[in-house]
Amino acid sequence: PIHSPIPVPKPPTAATPSPSPSPFVKSIKDCAPLCTGRCKLHSRPNRCNRACVSCCSKCKCVPPGTYGNREQCGTCYTGLTTKFNQPKCP
């Protein structure tokens, strides 16, 4: 008699976490939706959005998350300041 092979279950493989998306944008059109997400929890989302889009268009980058992580966009993003010498980019 012919025996069919018994399927052997494969051990579960550990899912590798997907790398966080790059904060760098390919075109300025990508800035608006990323900045909307970045500024959604801000106390003044319109002001945040305006500054974010300005910074994104200059530096081609929006940091991940709603707060912090500015260093991931490099010195262009962290170095921009307002006329009062405060950090410009959210």
# chains A, B, ... in the order shown; residues from 1 in each chain; ligands from 1

call {"tool": "residues_around", "arguments": {"residues": "Cys73 of chain A", "least_positions_apart": "2", "cutoff": "12 Å", "atoms": "only C-alpha atoms", "output": "CSV table (one decimal) with N, CA, C and O atoms, in the first residue's frame"}}
result
chain,number,residue,atom,x,y,z
A,22,SER,N,10.0,55.7,7.5
A,22,SER,CA,11.0,56.8,7.4
A,22,SER,C,10.3,58.1,7.6
A,22,SER,O,9.3,58.4,7.0
A,23,PRO,N,10.9,59.0,8.4
A,23,PRO,CA,10.2,60.3,8.5
A,23,PRO,C,10.4,61.2,7.3
A,23,PRO,O,9.8,62.3,7.2
A,24,PHE,N,11.3,60.8,6.4
A,24,PHE,CA,11.6,61.7,5.2
A,24,PHE,C,10.5,61.5,4.1
A,24,PHE,O,10.0,60.4,3.9
A,25,VAL,N,10.1,62.6,3.5
A,25,VAL,CA,9.1,62.6,2.5
A,25,VAL,C,9.7,62.7,1.1
A,25,VAL,O,10.8,63.3,1.0
A,55,CYS,N,8.2,73.5,7.9
A,55,CYS,CA,9.4,72.8,8.2
A,55,CYS,C,9.6,71.6,7.2
A,55,CYS,O,10.7,71.3,6.8
A,56,CYS,N,8.5,70.9,7.0
A,56,CYS,CA,8.5,69.8,6.1
A,56,CYS,C,9.0,70.2,4.7
A,56,CYS,O,9.8,69.5,4.0
A,58,LYS,N,10.8,72.6,3.9
A,58,LYS,CA,12.3,73.0,3.9
A,58,LYS,C,13.1,71.8,4.1
A,58,LYS,O,14.2,71.6,3.4
A,59,CYS,N,12.8,70.9,5.0
A,59,CYS,CA,13.6,69.8,5.4
A,59,CYS,C,13.3,68.5,4.8
A,59,CYS,O,14.0,67.5,5.0
A,60,LYS,N,12.1,68.4,4.2
A,60,LYS,CA,11.6,67.1,3.5
A,60,LYS,C,11.5,66.0,4.6
A,60,LYS,O,11.9,64.9,4.3
A,61,CYS,N,11.0,66.4,5.7
A,61,CYS,CA,10.9,65.4,6.8
A,61,CYS,C,9.8,65.8,7.8
A,61,CYS,O,9.6,67.0,8.1
A,62,VAL,N,9.1,64.8,8.4
A,62,VAL,CA,8.1,65.0,9.5
A,62,VAL,C,8.4,63.9,10.5
A,62,VAL,O,8.4,62.7,10.1
A,63,PRO,N,8.8,64.2,11.7
A,63,PRO,CA,9.1,63.2,12.7
A,63,PRO,C,7.9,62.3,13.0
A,63,PRO,O,6.7,62.7,12.9
A,64,PRO,N,8.1,61.0,13.3
A,64,PRO,CA,7.0,60.1,13.6
A,64,PRO,C,6.4,60.5,15.0
A,64,PRO,O,7.0,61.0,15.8
A,68,GLY,N,7.8,64.9,20.1
A,68,GLY,CA,9.2,64.4,20.2
A,68,GLY,C,9.7,63.9,18.9
A,68,GLY,O,9.2,64.1,17.9
A,69,ASN,N,10.8,63.1,19.0
A,69,ASN,CA,11.4,62.4,17.9
A,69,ASN,C,12.0,63.4,16.8
A,69,ASN,O,12.3,63.0,15.7
A,70,ARG,N,12.1,64.7,17.2
A,70,ARG,CA,12.6,65.7,16.2
A,70,ARG,C,14.0,65.4,15.7
A,70,ARG,O,14.3,65.7,14.5
A,71,GLU,N,14.8,64.7,16.5
A,71,GLU,CA,16.2,64.4,16.1
A,71,GLU,C,16.2,63.5,14.9
A,71,GLU,O,17.2,63.4,14.2
A,75,THR,N,19.5,67.9,11.6
A,75,THR,CA,19.8,69.3,12.1
A,75,THR,C,19.0,70.3,11.3
A,75,THR,O,18.7,71.4,11.9
A,76,CYS,N,18.5,70.0,10.1
A,76,CYS,CA,17.7,71.0,9.4
A,76,CYS,C,16.4,71.2,10.2
A,76,CYS,O,16.0,72.3,10.5
A,77,TYR,N,15.8,70.1,10.6
A,77,TYR,CA,14.5,70.2,11.4
A,77,TYR,C,14.7,70.8,12.8
A,77,TYR,O,14.0,71.6,13.2
A,78,THR,N,15.7,70.3,13.5
A,78,THR,CA,15.9,70.8,14.8
A,78,THR,C,16.5,72.2,14.9
A,78,THR,O,16.4,72.8,15.9
A,79,GLY,N,17.2,72.6,13.8
A,79,GLY,CA,17.9,73.9,13.8
A,79,GLY,C,17.0,75.1,13.5
A,79,GLY,O,17.4,76.2,13.7
A,80,LEU,N,15.8,74.8,12.9
A,80,LEU,CA,15.0,76.0,12.5
A,80,LEU,C,14.3,76.6,13.7
A,80,LEU,O,13.9,75.9,14.6
A,89,CYS,N,9.9,74.0,14.5
A,89,CYS,CA,9.2,72.8,14.0
A,89,CYS,C,8.7,71.9,15.1
A,89,CYS,O,9.4,71.6,16.1
A,90,PRO,N,7.4,71.5,15.0
A,90,PRO,CA,6.8,70.7,16.0
A,90,PRO,C,7.3,69.2,16.0
A,90,PRO,O,7.8,68.8,15.0

call {"tool": "residues_around", "arguments": {"residues": "Val53 of chain A", "least_positions_apart": "4", "cutoff": "8 Å", "atoms": "only C-alpha atoms", "output": "PyMOL selection string"}}
result
chain A and resi 31-32+35+49+57

call {"tool": "write_last_selection", "arguments": {"atoms": "N, CA and C atoms", "output": "PDB file, in the first residue's frame"}}
result
ATOM      1  N   CYS A  31       3.614  66.151   2.769  1.00  0.00           N
ATOM      2  CA  CYS A  31       3.738  66.850   4.055  1.00  0.00           C
ATOM      3  C   CYS A  31       2.398  67.021   4.766  1.00  0.00           C
ATOM      4  N   ALA A  32       1.371  67.457   4.045  1.00  0.00           N
ATOM      5  CA  ALA A  32       0.095  67.797   4.682  1.00  0.00           C
ATOM      6  C   ALA A  32      -0.507  66.642   5.485  1.00  0.00           C
ATOM      7  N   CYS A  35       1.710  65.929   8.554  1.00  0.00           N
ATOM      8  CA  CYS A  35       1.619  67.000   9.556  1.00  0.00           C
ATOM      9  C   CYS A  35       0.273  66.976  10.268  1.00  0.00           C
ATOM     10  N   ASN A  49       0.103  72.789  12.482  1.00  0.00           N
ATOM     11  CA  ASN A  49       0.097  72.321  11.098  1.00  0.00           C
ATOM     12  C   ASN A  49       0.842  73.292  10.188  1.00  0.00           C
ATOM     13  N   SER A  57       8.441  71.305   4.196  1.00  0.00           N
ATOM     14  CA  SER A  57       8.795  71.731   2.843  1.00  0.00           C
ATOM     15  C   SER A  57      10.270  72.119   2.756  1.00  0.00           C
TER      16      SER A  57
END

call {"tool": "residues_around", "arguments": {"residues": "Tyr67 of chain A", "least_positions_apart": "6", "cutoff": "9 Å", "atoms": "only C-alpha atoms", "output": "CSV table (one decimal) with C-alpha atoms, in the first residue's frame"}}
result
chain,number,residue,atom,x,y,z
A,38,ARG,CA,1.7,64.9,13.9
A,39,CYS,CA,-0.5,67.9,15.1
A,41,LEU,CA,-3.3,66.2,19.6
A,42,HIS,CA,-1.7,69.7,19.7
A,90,PRO,CA,6.8,70.7,16.0

call {"tool": "atom_distance", "arguments": {"atom1": "atom CA of Phe84 of chain A", "atom2": "atom CA of Gly37 of chain A"}}
result
26.1 Å

call {"tool": "select_by_dssp", "arguments": {"residues": "segment 24-80 of chain A", "states": "alpha helix (DSSP H)", "output": "ChimeraX atom specification"}}
result
/A:31-39,45-59,74-79

call {"tool": "atom_distance", "arguments": {"atom1": "atom CA of Lys26 of chain A", "atom2": "atom CA of Arg44 of chain A"}}
result
26.8 Å

call {"tool": "atom_distance", "arguments": {"atom1": "atom CA of Lys88 of chain A", "atom2": "atom CA of Lys40 of chain A"}}
result
17.2 Å
